[in-house]
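See below for model-v6.csv, which holds CSV, C-alpha atoms.
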chain,number,residue,atom,x,y,z
A,20,MET,CA,24.3,47.5,-29.1
A,21,ALA,CA,27.9,47.1,-30.5
A,22,ILE,CA,26.9,48.8,-33.7
A,23,ARG,CA,25.3,51.7,-31.8
A,24,GLN,CA,28.5,52.0,-29.8
A,25,HIS,CA,30.7,52.3,-32.8
A,26,ALA,CA,28.3,54.3,-35.0
A,27,PRO,CA,30.0,57.6,-34.5
A,28,ILE,CA,33.4,56.6,-35.6
A,29,VAL,CA,32.2,54.2,-38.3
A,30,SER,CA,29.9,56.9,-39.8
A,31,LEU,CA,32.6,59.5,-39.7
A,32,LEU,CA,35.1,57.2,-41.5
A,33,SER,CA,32.4,56.3,-44.0
A,34,ALA,CA,31.7,60.0,-44.6
A,35,ILE,CA,35.4,60.7,-45.2
A,36,ILE,CA,35.8,57.8,-47.6
A,37,CYS,CA,32.6,58.7,-49.4
A,38,LEU,CA,33.7,62.3,-49.7
A,39,LEU,CA,37.0,61.2,-51.3
A,40,LEU,CA,35.2,59.0,-53.7
A,41,VAL,CA,32.8,61.7,-54.7
A,42,LEU,CA,35.6,64.2,-55.3
A,43,VAL,CA,37.4,61.6,-57.5
A,44,LEU,CA,34.3,60.7,-59.5
A,45,TRP,CA,33.0,64.3,-59.7
A,46,GLN,CA,35.3,65.3,-62.5
A,47,ARG,CA,34.3,62.5,-64.8
A,48,SER,CA,30.6,62.6,-64.0
A,49,ARG,CA,27.7,64.1,-66.0
A,50,VAL,CA,24.8,66.0,-64.4
A,51,TRP,CA,22.7,63.0,-63.4
A,52,SER,CA,25.7,61.2,-61.9
A,53,ARG,CA,26.7,64.3,-60.0
A,54,ILE,CA,23.2,64.6,-58.6
A,55,GLY,CA,23.4,61.0,-57.6
A,56,LEU,CA,26.7,61.5,-55.9
A,57,SER,CA,25.4,64.6,-54.1
A,58,ILE,CA,22.5,62.7,-52.7
A,59,ILE,CA,24.7,59.8,-51.5
A,60,MET,CA,27.1,62.3,-49.9
A,61,LEU,CA,24.2,64.0,-48.1
A,62,ILE,CA,22.9,60.8,-46.8
A,63,VAL,CA,26.3,59.7,-45.5
A,64,ALA,CA,27.0,63.1,-44.0
A,65,ALA,CA,23.6,63.1,-42.3
A,66,SER,CA,24.3,59.7,-40.8
A,67,ALA,CA,27.6,60.9,-39.5
A,68,VAL,CA,25.9,63.9,-37.8
A,69,MET,CA,22.9,62.0,-36.5
A,70,SER,CA,25.1,59.3,-34.8
A,71,ARG,CA,26.4,62.1,-32.7
A,72,LEU,CA,23.1,63.6,-31.8
A,73,ASN,CA,20.8,62.3,-29.1
A,74,TYR,CA,17.3,62.6,-30.6
A,75,PHE,CA,15.7,61.4,-27.4
A,76,GLU,CA,16.9,64.6,-25.9
A,77,TRP,CA,15.4,66.6,-28.8
A,78,MET,CA,12.0,65.0,-28.0
A,79,PHE,CA,12.4,65.3,-24.2
A,80,HIS,CA,14.7,68.1,-23.3
A,81,PRO,CA,16.7,67.5,-20.2
A,82,VAL,CA,16.7,70.0,-17.3
A,83,ASP,CA,19.9,71.9,-17.6
A,84,SER,CA,19.9,73.4,-14.1
A,85,ALA,CA,17.1,72.5,-11.8
A,86,ARG,CA,15.5,75.4,-9.9
A,87,PHE,CA,13.5,74.8,-6.7
A,88,GLU,CA,10.9,76.9,-5.0
A,89,ALA,CA,9.6,76.7,-1.5
A,90,GLU,CA,6.4,74.7,-1.0
A,91,SER,CA,4.7,77.7,0.4
A,92,VAL,CA,5.0,79.7,-2.9
A,93,SER,CA,4.5,76.8,-5.2
A,94,LYS,CA,1.3,77.2,-7.3
A,95,LEU,CA,0.8,73.4,-7.6
A,96,ASP,CA,-2.7,72.2,-7.0
A,97,LYS,CA,-3.0,70.0,-4.0
A,98,THR,CA,-4.2,67.1,-6.1
A,99,GLU,CA,-1.2,67.1,-8.3
A,100,MET,CA,0.9,64.0,-8.2
A,101,ILE,CA,4.5,64.4,-7.2
A,102,LEU,CA,7.5,62.1,-6.6
A,103,THR,CA,9.1,62.9,-3.3
A,104,VAL,CA,12.3,62.1,-1.5
A,105,GLN,CA,13.9,63.2,1.8
A,106,TYR,CA,17.4,62.9,3.2
A,107,GLY,CA,17.9,64.5,6.5
A,108,ALA,CA,16.1,67.9,6.5
A,109,ASP,CA,16.1,68.1,2.7
A,110,ALA,CA,12.6,67.2,1.5
A,111,ARG,CA,12.1,67.6,-2.3
A,112,ALA,CA,9.2,67.1,-4.6
A,113,TYR,CA,9.2,66.6,-8.4
A,114,PRO,CA,5.9,67.1,-10.1
A,115,ILE,CA,5.0,64.2,-12.3
A,116,ARG,CA,3.7,66.6,-14.9
A,117,GLU,CA,7.3,67.8,-15.4
A,118,MET,CA,9.0,64.4,-14.9
A,119,ALA,CA,6.7,62.8,-17.5
A,120,TYR,CA,8.3,65.1,-20.0
A,121,HIS,CA,11.9,65.4,-18.9
A,122,HIS,CA,12.0,61.7,-17.8
A,123,ILE,CA,15.2,62.1,-15.9
A,124,LEU,CA,16.8,64.6,-13.5
A,125,ASN,CA,20.1,64.4,-11.7
A,126,ASP,CA,19.8,66.0,-8.3
A,127,VAL,CA,21.5,66.1,-4.9
A,128,VAL,CA,19.2,65.7,-1.9
A,129,GLY,CA,20.6,66.1,1.5
A,130,GLY,CA,24.1,65.5,0.1
A,131,VAL,CA,23.0,62.3,-1.7
A,132,PRO,CA,23.2,62.3,-5.5
A,133,VAL,CA,20.0,60.9,-6.9
A,134,ALA,CA,18.5,60.3,-10.3
A,135,VAL,CA,14.8,61.1,-10.4
A,136,THR,CA,13.2,59.1,-13.2
A,137,TYR,CA,9.7,58.7,-14.6
B,27,MET,CA,14.4,57.0,-8.0
B,28,TRP,CA,18.0,55.8,-7.8
B,29,THR,CA,21.2,56.8,-6.1
B,30,ARG,CA,23.8,58.0,-8.7
B,31,THR,CA,26.8,56.8,-6.8
B,32,VAL,CA,28.5,53.7,-8.2
B,33,ASN,CA,31.9,52.5,-6.8
B,34,GLY,CA,32.2,55.8,-4.9
B,35,ARG,CA,31.6,58.0,-8.0
B,36,ALA,CA,28.5,60.0,-8.6
B,37,LEU,CA,27.4,59.5,-12.2
B,38,HIS,CA,25.4,61.9,-14.4
B,39,PHE,CA,22.6,60.2,-16.4
B,40,TYR,CA,21.0,61.3,-19.6
B,41,LEU,CA,18.1,59.9,-21.7
B,42,ALA,CA,19.3,57.5,-24.3
B,43,GLY,CA,16.4,55.4,-25.5
B,44,ILE,CA,12.7,54.9,-24.9
B,45,ASN,CA,11.0,51.5,-24.5
B,46,ASN,CA,7.3,51.7,-24.1
B,47,GLN,CA,6.8,53.4,-20.8
B,48,ASN,CA,10.4,52.9,-19.6
B,49,PHE,CA,13.7,54.2,-20.9
B,50,LEU,CA,17.3,53.5,-21.2
B,51,MET,CA,19.8,56.0,-19.8
B,52,ARG,CA,23.5,56.4,-20.2
B,53,ASP,CA,26.0,57.9,-17.8
B,54,LYS,CA,28.3,60.7,-19.0
B,55,GLU,CA,31.3,59.3,-17.0
B,56,THR,CA,31.5,55.8,-18.7
B,57,GLY,CA,28.9,55.7,-21.4
B,58,THR,CA,27.4,52.7,-19.8
B,59,TRP,CA,23.7,51.9,-20.7
B,60,TRP,CA,21.3,51.5,-17.8
B,61,GLN,CA,17.8,50.3,-17.7
B,62,GLN,CA,15.5,52.8,-15.9
B,63,ILE,CA,13.0,50.4,-14.4
B,64,THR,CA,15.6,48.0,-12.9
B,65,GLY,CA,18.5,50.3,-12.3
B,66,LYS,CA,20.8,47.7,-13.9
B,67,ALA,CA,23.7,48.4,-16.2
B,68,LEU,CA,23.1,46.5,-19.4
B,69,TYR,CA,26.1,47.3,-21.5
B,70,GLY,CA,29.3,49.2,-21.2
B,71,PRO,CA,32.2,49.5,-18.8
B,72,LEU,CA,29.9,49.2,-15.7
B,73,GLN,CA,27.9,46.3,-17.1
B,74,GLY,CA,26.4,44.2,-14.3
B,75,ALA,CA,26.4,47.0,-11.8
B,76,SER,CA,23.1,48.0,-10.1
B,77,LEU,CA,21.9,51.3,-8.8
B,78,GLU,CA,20.5,51.5,-5.3
B,79,LEU,CA,16.8,52.3,-5.0
B,80,VAL,CA,16.0,55.5,-3.1
B,81,PRO,CA,13.0,55.4,-0.8
B,82,SER,CA,10.5,57.8,-2.3
B,83,ASP,CA,6.8,58.3,-2.6
B,84,GLU,CA,4.3,59.0,-5.3
B,85,ILE,CA,1.7,61.2,-3.5
B,86,THR,CA,-0.2,64.4,-3.9
B,87,PHE,CA,1.2,67.8,-3.3
B,88,GLY,CA,-1.5,68.4,-0.7
B,89,GLU,CA,-0.5,65.3,1.3
B,90,TRP,CA,3.2,66.1,1.1
B,91,LYS,CA,2.6,69.7,2.3
B,92,SER,CA,0.8,68.3,5.3
B,93,GLU,CA,3.7,66.1,6.2
B,94,VAL,CA,6.9,68.2,5.6
B,95,SER,CA,8.1,71.6,6.5
B,96,ASP,CA,10.4,73.7,4.3
B,97,GLY,CA,10.0,71.4,1.4
B,98,LYS,CA,11.4,72.3,-2.0
B,99,VAL,CA,9.5,71.8,-5.2
B,100,LEU,CA,11.0,71.5,-8.6
B,101,ALA,CA,10.1,74.7,-10.5
B,102,GLU,CA,8.9,74.6,-14.1
B,103,VAL,CA,11.7,75.2,-16.7
B,104,PRO,CA,10.3,78.3,-18.4
B,105,LYS,CA,11.2,77.4,-22.0
B,106,TYR,CA,9.5,73.9,-21.7
B,107,VAL,CA,6.3,74.9,-20.0
B,108,LYS,CA,4.4,74.4,-23.2
B,109,GLU,CA,5.6,70.8,-23.2
B,110,TYR,CA,4.3,69.9,-19.8
B,111,ASP,CA,1.0,68.2,-20.2
B,112,SER,CA,-1.5,68.7,-17.4
B,113,ASN,CA,-3.5,65.8,-18.8
B,114,TRP,CA,-0.5,63.5,-19.0
B,115,GLU,CA,-2.4,60.7,-17.3
B,116,PRO,CA,-5.3,60.4,-19.7
B,117,ASP,CA,-3.2,61.3,-22.7
B,118,VAL,CA,-0.6,58.6,-22.0
B,119,ALA,CA,-3.5,56.1,-21.4
B,120,LYS,CA,-4.5,56.6,-25.0
B,121,LEU,CA,-1.2,55.6,-26.5
B,122,PRO,CA,-1.1,52.2,-28.2
B,123,VAL,CA,0.4,49.4,-26.3
B,124,VAL,CA,2.7,47.0,-28.1
B,125,ILE,CA,2.8,44.4,-25.4
B,126,SER,CA,-0.3,42.7,-24.0
B,127,PHE,CA,-1.0,39.8,-21.9
B,128,PRO,CA,-4.2,38.2,-23.0
B,129,GLY,CA,-5.4,35.6,-20.6
B,130,THR,CA,-4.4,37.7,-17.6
B,131,GLU,CA,-7.3,39.3,-15.7
B,132,LEU,CA,-6.3,42.9,-16.3
B,133,LYS,CA,-6.3,45.1,-19.4
B,134,SER,CA,-2.9,46.4,-20.6
B,135,ARG,CA,-3.5,50.0,-19.4
B,136,ASP,CA,-5.1,49.1,-16.0
B,137,VAL,CA,-3.2,50.7,-13.3
B,138,VAL,CA,-1.6,48.7,-10.6
B,139,VAL,CA,0.6,49.2,-7.5
B,140,GLY,CA,3.4,46.7,-7.9
B,141,LEU,CA,5.9,45.6,-5.3
B,142,GLU,CA,8.6,43.0,-4.9
B,143,ILE,CA,9.7,41.3,-1.7
B,144,GLU,CA,13.1,39.6,-2.3
B,145,GLY,CA,12.0,38.1,-5.6
B,146,PRO,CA,8.3,37.4,-5.6
B,147,ALA,CA,6.2,40.2,-7.0
B,148,ARG,CA,2.6,41.2,-6.5
B,149,ALA,CA,0.4,43.7,-8.3
B,150,TYR,CA,-2.6,45.4,-6.7
B,151,PRO,CA,-5.2,46.8,-9.1
B,152,TRP,CA,-5.6,50.5,-8.3
B,153,ASP,CA,-9.4,50.6,-8.4
B,154,ALA,CA,-9.6,47.7,-6.0
B,155,LEU,CA,-7.1,49.4,-3.7
B,156,VAL,CA,-9.0,52.6,-3.5
B,157,LYS,CA,-12.2,50.8,-2.6
B,158,GLN,CA,-10.6,48.4,-0.1
B,159,SER,CA,-7.9,50.4,1.5
B,160,PRO,CA,-6.3,49.6,3.9
B,161,VAL,CA,-5.4,46.3,2.4
B,162,MET,CA,-3.7,43.6,4.5
B,163,ASP,CA,-1.7,41.1,2.6
B,164,HIS,CA,1.3,38.7,2.8
B,165,VAL,CA,4.0,38.5,0.2
B,166,HIS,CA,6.9,36.1,0.6
B,167,ASN,CA,6.0,35.7,4.3
B,168,MET,CA,6.1,39.5,4.8
B,169,PRO,CA,2.9,41.0,6.3
B,170,LEU,CA,2.0,44.1,4.3
B,171,LEU,CA,-0.2,47.1,4.8
B,172,VAL,CA,-1.1,48.7,1.4
B,173,ALA,CA,-2.8,52.0,2.0
B,174,VAL,CA,-4.4,54.7,-0.2
B,175,GLY,CA,-4.2,58.0,1.6
B,176,PRO,CA,-7.0,60.3,2.7
B,177,ASP,CA,-6.8,62.1,-0.7
B,178,GLY,CA,-7.7,58.9,-2.6
B,179,LYS,CA,-4.6,59.3,-4.8
B,180,SER,CA,-1.5,58.9,-2.6
B,181,PHE,CA,-0.4,55.4,-1.7
B,182,ARG,CA,2.1,53.8,0.6
B,183,VAL,CA,3.1,50.2,1.5
B,184,PHE,CA,4.3,49.4,4.9
B,185,VAL,CA,5.5,46.3,6.7
B,186,SER,CA,2.7,45.4,9.0
B,187,ARG,CA,4.7,44.6,12.1
B,188,VAL,CA,4.9,46.4,15.4
B,189,ASP,CA,7.7,45.5,17.8
B,190,GLY,CA,8.4,42.4,15.7
B,191,LYS,CA,4.8,41.2,15.9
B,192,ASP,CA,2.6,40.9,12.9
B,193,THR,CA,-0.5,43.0,13.2
B,194,GLU,CA,-3.5,44.2,11.3
B,195,PHE,CA,-4.8,47.7,10.6
B,196,TYR,CA,-8.3,49.0,10.3
B,197,LEU,CA,-9.5,52.4,9.3
B,198,LYS,CA,-10.8,54.2,12.4
B,199,GLN,CA,-14.5,55.0,12.3
B,200,ASP,CA,-14.8,58.4,14.0
B,201,PRO,CA,-17.9,58.4,16.2
B,202,GLU,CA,-18.0,62.3,16.2
B,203,PRO,CA,-19.3,63.5,12.9
B,204,ALA,CA,-18.0,66.9,11.9
B,205,ALA,CA,-21.5,68.5,11.8
B,206,ALA,CA,-22.7,67.0,15.1
B,207,SER,CA,-22.8,70.4,16.8
B,208,ALA,CA,-25.5,71.6,14.3
B,209,LYS,CA,-28.0,69.0,15.4
B,210,PRO,CA,-28.0,68.3,19.1
B,211,ASP,CA,-30.1,65.1,18.8
B,212,ALA,CA,-27.9,63.6,16.1
B,213,PRO,CA,-24.9,62.2,18.2
B,214,PRO,CA,-26.8,59.4,19.9
B,215,GLU,CA,-28.2,58.2,16.7
B,216,THR,CA,-24.9,58.3,14.9
B,217,LYS,CA,-23.2,56.5,17.8
B,218,VAL,CA,-25.6,53.6,17.5
B,219,GLY,CA,-25.3,53.7,13.8
B,220,GLU,CA,-21.5,53.7,14.1
B,221,GLU,CA,-21.4,50.6,16.3
B,222,LYS,CA,-23.5,48.8,13.8
B,223,LYS,CA,-21.3,49.8,11.0
B,224,GLN,CA,-18.1,48.9,12.7
B,225,LYS,CA,-19.3,45.3,12.8
B,226,GLU,CA,-19.6,45.3,9.0
B,227,LYS,CA,-16.9,44.0,6.7
B,228,GLN,CA,-13.9,46.1,6.2
B,229,THR,CA,-14.5,46.3,2.5
B,230,GLU,CA,-17.5,48.5,3.1
B,231,ALA,CA,-15.6,50.9,5.3
B,232,LYS,CA,-15.3,53.5,2.7
B,233,GLU,CA,-18.9,53.4,1.7
B,234,THR,CA,-20.2,53.7,5.2
B,235,GLU,CA,-17.9,56.6,5.7
B,236,LYS,CA,-19.6,58.4,2.9
B,237,GLU,CA,-23.1,57.3,3.8
B,238,LYS,CA,-22.9,58.4,7.4
B,239,PRO,CA,-23.0,62.2,7.1
B,240,ALA,CA,-26.0,62.0,4.8
B,241,SER,CA,-28.1,59.7,7.0
B,242,ALA,CA,-27.1,61.1,10.4
B,243,THR,CA,-27.5,64.8,9.7
B,244,PRO,CA,-29.7,65.2,6.7
B,245,SER,CA,-30.3,68.9,7.1
B,246,ALA,CA,-27.0,70.0,8.6
B,247,ALA,CA,-24.7,72.5,7.1
B,248,PRO,CA,-22.0,71.0,4.8
B,249,SER,CA,-19.3,69.4,6.9
B,250,PRO,CA,-16.5,71.9,7.1
B,251,THR,CA,-13.5,69.8,8.3
B,252,PRO,CA,-12.6,66.4,6.8
B,253,LYS,CA,-12.3,63.6,9.3
B,254,PRO,CA,-8.7,62.7,10.1
B,255,TRP,CA,-7.5,59.5,8.4
B,256,ILE,CA,-6.4,57.2,11.2
B,257,LEU,CA,-5.5,53.5,11.3
B,258,LEU,CA,-5.9,51.4,14.4
B,259,ASP,CA,-3.7,48.3,14.9
B,260,THR,CA,-4.9,45.1,16.5
B,261,ALA,CA,-1.7,44.5,18.4
B,262,THR,CA,-1.5,47.7,20.5
B,263,ALA,CA,-4.7,49.6,19.6
B,264,SER,CA,-2.6,52.6,18.8
B,265,GLU,CA,-3.6,55.2,16.2
B,266,TRP,CA,-1.4,55.5,13.1
B,267,ASN,CA,-1.3,58.2,10.4
B,268,PHE,CA,-0.6,57.9,6.7
B,269,GLN,CA,3.1,58.2,7.3
B,270,GLY,CA,2.9,54.9,9.1
B,271,CYS,CA,3.7,56.5,12.5
B,272,ALA,CA,1.8,56.0,15.7
B,273,ILE,CA,0.4,59.3,16.9
B,274,SER,CA,-1.2,58.0,20.1
B,275,GLY,CA,-1.4,54.8,22.1
B,276,PRO,CA,1.2,52.4,23.4
B,277,SER,CA,3.1,52.5,20.1
B,278,GLN,CA,3.2,56.3,20.0
B,279,GLY,CA,6.4,57.6,18.3
B,280,LYS,CA,7.1,54.4,16.4
B,281,CYS,CA,6.9,54.2,12.7
B,282,LEU,CA,6.3,51.2,10.4
B,283,ASP,CA,9.0,50.2,7.9
B,284,ARG,CA,8.2,51.1,4.3
B,285,ILE,CA,8.2,49.0,1.2
B,286,PRO,CA,9.0,50.6,-2.1
B,287,ALA,CA,6.1,50.2,-4.6
B,288,LEU,CA,5.5,51.4,-8.1
B,289,LYS,CA,2.3,52.7,-9.6
B,290,ASP,CA,2.5,51.3,-13.1
B,291,TYR,CA,0.5,50.0,-16.0
B,292,TRP,CA,-0.3,46.3,-15.9
B,293,PHE,CA,1.4,45.5,-19.2
B,294,ASP,CA,4.6,47.2,-18.0
B,295,TRP,CA,4.6,45.6,-14.6
B,296,ARG,CA,3.8,42.2,-16.0
B,297,ASN,CA,6.5,42.6,-18.7
B,298,TYR,CA,9.3,43.1,-16.1
B,299,HIS,CA,7.8,40.8,-13.5
B,300,PRO,CA,6.6,37.8,-15.5
B,301,ASP,CA,5.9,35.7,-12.4
B,302,THR,CA,4.0,38.5,-10.6
B,303,THR,CA,0.9,37.5,-8.7
B,304,LEU,CA,-2.2,39.6,-8.7
B,305,TYR,CA,-4.1,40.7,-5.6
B,306,LYS,CA,-7.6,39.5,-5.7
B,307,ARG,CA,-10.4,40.1,-3.3
As structure tokens, please, write out the structure in this file.
Amino acid sequence: MAIRQHAPIVSLLSAIICLLLVLVLWQRSRVWSRIGLSIIMLIVAASAVMSRLNYFEWMFHPVDSARFEAESVSKLDKTEMILTVQYGADARAYPIREMAYHHILNDVVGGVPVAVTY
Amino acid sequence: MWTRTVNGRALHFYLAGINNQNFLMRDKETGTWWQQITGKALYGPLQGASLELVPSDEITFGEWKSEVSDGKVLAEVPKYVKEYDSNWEPDVAKLPVVISFPGTELKSRDVVVGLEIEGPARAYPWDALVKQSPVMDHVHNMPLLVAVGPDGKSFRVFVSRVDGKDTEFYLKQDPEPAAASAKPDAPPETKVGEEKKQKEKQTEAKETEKEKPASATPSAAPSPTPKPWILLDTATASEWNFQGCAISGPSQGKCLDRIPALKDYWFDWRNYHPDTTLYKR
């Protein structure tokens, strides 16, 4: 967990150090060494980039802004499973077919901030 | 479903890790890591905090429509429509399972309805629930009514107490079959048949419900209206609907307290509730 937490800064520093070393060594290197240095630089740079990206959100895109439609116009089949919640007069349904993909949705229902998860 | 407010601040969560059928999430405000299934903060500035569970249901759209008015449904996000899998249930069921509990009576991907009453947890195998609903049970001294709805897919768990008194619930056997008007001589036969069937064990309630139309009115037109799903309680003989509210009788207007329950795979429920008991009948 601690490694994960510090990955962005560590990988960035490693990338900078690596870049400096590569630049220093480049002048004195022959073709094969330069290829080797390039490969190492690529790997380190990729790590620095990847530690800043959330690949889980690549696989399962989050809902940027949730849109809702009235139940009367919804084309959902009556046998479709949904997660439901109600606060006051605000009754909302989240089709499991969608939540099984997005996994998480931040919403506000009847003034109450909720996290719908599946 | 969880509330997002911690220490008076509404957090915004995003997906940060996947673990079998559960996931880890982080909040944008503090970067704390939270476990989806327990709502607990595992690591980070808010470590040790817990999210509050939101009362919610896992039911069919049809059931929900019959219960609410002016409900709002999450619309599909157009650019991800291709990702939504209509067959998510059978497709997920095919995924390999890394944890298993040999020696337990269920298979890893058997579906259960799990609940927890102040510590002790119990799992109800889905197939058994559908056949035996309504199921009366006691967990940690709390009397429970575990019910599968009229659609055979929605489920709810209630505290089986009316006015502080423990009570039992039975599925009402309607003595008026829907197609009775088509055959004038049918009603007396079905009434007698009904009384006989009411004395049978509760576990056969569902089967007799299905058998009745076929034997009582063999040449009648197909039954146009489904019989209403009604429970009767032994304490006040009131009629109750699937929302756990009494629609007639001395208890009319009262509603049973709900217990949060989760429909889950056995391996997942057992993984997070190692001491769970299993409902057996």
Residues of chain B within 6 Å of chain A: nearest atom pair and distance (Å, one decimal) for each, counting all atoms listed in the file, sorted by chain and number, as JSON lines?
{"residue": "B:Met27", "atom": "CA", "partner": "A:Val135", "partner_atom": "CA", "distance": 4.8}
{"residue": "B:Trp28", "atom": "CA", "partner": "A:Ala134", "partner_atom": "CA", "distance": 5.2}
{"residue": "B:Thr29", "atom": "CA", "partner": "A:Val133", "partner_atom": "CA", "distance": 4.3}
{"residue": "B:Arg30", "atom": "CA", "partner": "A:Val133", "partner_atom": "CA", "distance": 5.1}
{"residue": "B:Ser82", "atom": "CA", "partner": "A:Val104", "partner_atom": "CA", "distance": 4.7}
{"residue": "B:Asp83", "atom": "CA", "partner": "A:Thr103", "partner_atom": "CA", "distance": 5.2}
{"residue": "B:Glu84", "atom": "CA", "partner": "A:Leu102", "partner_atom": "CA", "distance": 4.6}
{"residue": "B:Ile85", "atom": "CA", "partner": "A:Met100", "partner_atom": "CA", "distance": 5.5}
{"residue": "B:Thr86", "atom": "CA", "partner": "A:Met100", "partner_atom": "CA", "distance": 4.5}
{"residue": "B:Phe87", "atom": "CA", "partner": "A:Lys97", "partner_atom": "CA", "distance": 4.8}
{"residue": "B:Gly88", "atom": "CA", "partner": "A:Lys97", "partner_atom": "CA", "distance": 4.0}
{"residue": "B:Gly97", "atom": "CA", "partner": "A:Ala110", "partner_atom": "CA", "distance": 4.9}
{"residue": "B:Lys98", "atom": "CA", "partner": "A:Arg111", "partner_atom": "CA", "distance": 4.8}
{"residue": "B:Val99", "atom": "CA", "partner": "A:Ala112", "partner_atom": "CA", "distance": 4.7}
{"residue": "B:Leu100", "atom": "CA", "partner": "A:Phe87", "partner_atom": "CA", "distance": 4.6}
{"residue": "B:Ala101", "atom": "CA", "partner": "A:Phe87", "partner_atom": "CA", "distance": 5.1}
{"residue": "B:Tyr110", "atom": "CA", "partner": "A:Glu117", "partner_atom": "CA", "distance": 5.7}
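With CA of Leu288 in chain B on one side and CA of Asp163 in chain B on the other, the separation reads 16.5 Å.
Near Lys306 in chain B, within a cut-off of 12 Å and counting all atoms listed in the file, sit the residues Glu131, Leu132, Arg148, Ala149, Tyr150, Pro151, Trp152, Asp153, Ala154, Leu155, Gln158, Val161, Met162 and Asp163 of chain B, with same-chain residues fewer than 5 positions away left out.
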Give me a file of those residues, with C-alpha atoms, as an mmCIF file, in the coordinates of the input.
data_model
loop_
_atom_site.group_PDB
_atom_site.id
_atom_site.type_symbol
_atom_site.label_atom_id
_atom_site.label_comp_id
_atom_site.auth_asym_id
_atom_site.auth_seq_id
_atom_site.Cartn_x
_atom_site.Cartn_y
_atom_site.Cartn_z
ATOM 1 C CA GLU B 131 -7.300 39.300 -15.700
ATOM 2 C CA LEU B 132 -6.300 42.900 -16.300
ATOM 3 C CA ARG B 148 2.600 41.200 -6.500
ATOM 4 C CA ALA B 149 0.400 43.700 -8.300
ATOM 5 C CA TYR B 150 -2.600 45.400 -6.700
ATOM 6 C CA PRO B 151 -5.200 46.800 -9.100
ATOM 7 C CA TRP B 152 -5.600 50.500 -8.300
ATOM 8 C CA ASP B 153 -9.400 50.600 -8.400
ATOM 9 C CA ALA B 154 -9.600 47.700 -6.000
ATOM 10 C CA LEU B 155 -7.100 49.400 -3.700
ATOM 11 C CA GLN B 158 -10.600 48.400 -0.100
ATOM 12 C CA VAL B 161 -5.400 46.300 2.400
ATOM 13 C CA MET B 162 -3.700 43.600 4.500
ATOM 14 C CA ASP B 163 -1.700 41.100 2.600
#
Å distance separating CA of Ser57 in chain A from CA of Ser30 in chain A, one decimal place: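 Atom-to-atom, CA of Ser57 in chain A to CA of Ser30 in chain A, that is 16.9 Å.
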Taking into account all atoms listed in the file, which residue in the set B:Lys157, B:Arg52, B:Arg187, B:Lys120 is nearest to Ala67 in chain B?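 For Ala67 in chain B, the nearest of the candidates is B:Arg52.
If you look at CA of Ala119 in chain B and CA of Asp136 in chain B, they are 9.0 Å away from each other.
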At a cut-off of 9 Å, using all atoms listed in the file, what residues contact Val156 in chain B? Leave out same-chain residues fewer than 6 positions from it and give the result as a PyMOL selection string. chain B and resi 173-175+178-179+232
Around (-1.7, 47.8, 7.4) in the file's frame, which residues reach within 6 Å when counting only C-alpha atoms? Return as a list in words?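 The residues that fall inside the cut-off are Met162, Leu171, Ser186, Glu194 and Phe195 of chain B.
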Would you list the contacts of Tyr196 in chain B as a VMD selection string, taking every protein, DNA or RNA residue within 7 Å and counting only C-alpha atoms, but skipping same-chain residues closer than 6 positions in sequence? chain B and resid 160 257 to 259
Can you tell me, as a count of residues only, what residues are no more than 9 Å from Gln269 in chain B when counting only C-alpha atoms, ignoring any on the same chain fewer than 2 positions away? 8
Once N, CA and C atoms are restored for range 97-105 of chain B, what would the output be as a PDB file, keeping the file's coordinate frame?
ATOM      1  N   GLY B  97       9.746  72.210   2.560  1.00  0.00           N
ATOM      2  CA  GLY B  97      10.000  71.400   1.400  1.00  0.00           C
ATOM      3  C   GLY B  97      10.311  72.218   0.188  1.00  0.00           C
ATOM      4  N   LYS B  98      11.054  71.614  -0.760  1.00  0.00           N
ATOM      5  CA  LYS B  98      11.400  72.300  -2.000  1.00  0.00           C
ATOM      6  C   LYS B  98      10.733  71.615  -3.159  1.00  0.00           C
ATOM      7  N   VAL B  99      10.145  72.397  -4.048  1.00  0.00           N
ATOM      8  CA  VAL B  99       9.500  71.800  -5.200  1.00  0.00           C
ATOM      9  C   VAL B  99      10.192  72.208  -6.475  1.00  0.00           C
ATOM     10  N   LEU B 100      10.375  71.254  -7.358  1.00  0.00           N
ATOM     11  CA  LEU B 100      11.000  71.500  -8.600  1.00  0.00           C
ATOM     12  C   LEU B 100      10.176  72.543  -9.399  1.00  0.00           C
ATOM     13  N   ALA B 101      10.797  73.635  -9.799  1.00  0.00           N
ATOM     14  CA  ALA B 101      10.100  74.700 -10.500  1.00  0.00           C
ATOM     15  C   ALA B 101       9.980  74.273 -12.004  1.00  0.00           C
ATOM     16  N   GLU B 102       9.043  74.873 -12.698  1.00  0.00           N
ATOM     17  CA  GLU B 102       8.900  74.600 -14.100  1.00  0.00           C
ATOM     18  C   GLU B 102      10.108  75.265 -14.844  1.00  0.00           C
ATOM     19  N   VAL B 103      10.618  74.606 -15.872  1.00  0.00           N
ATOM     20  CA  VAL B 103      11.700  75.200 -16.700  1.00  0.00           C
ATOM     21  C   VAL B 103      10.915  76.101 -17.709  1.00  0.00           C
ATOM     22  N   PRO B 104      11.105  77.405 -17.641  1.00  0.00           N
ATOM     23  CA  PRO B 104      10.300  78.300 -18.400  1.00  0.00           C
ATOM     24  C   PRO B 104      10.145  77.974 -19.908  1.00  0.00           C
ATOM     25  N   LYS B 105      11.275  77.589 -20.547  1.00  0.00           N
ATOM     26  CA  LYS B 105      11.200  77.400 -22.000  1.00  0.00           C
ATOM     27  C   LYS B 105      10.460  76.064 -22.349  1.00  0.00           C
TER      28      LYS B 105
END
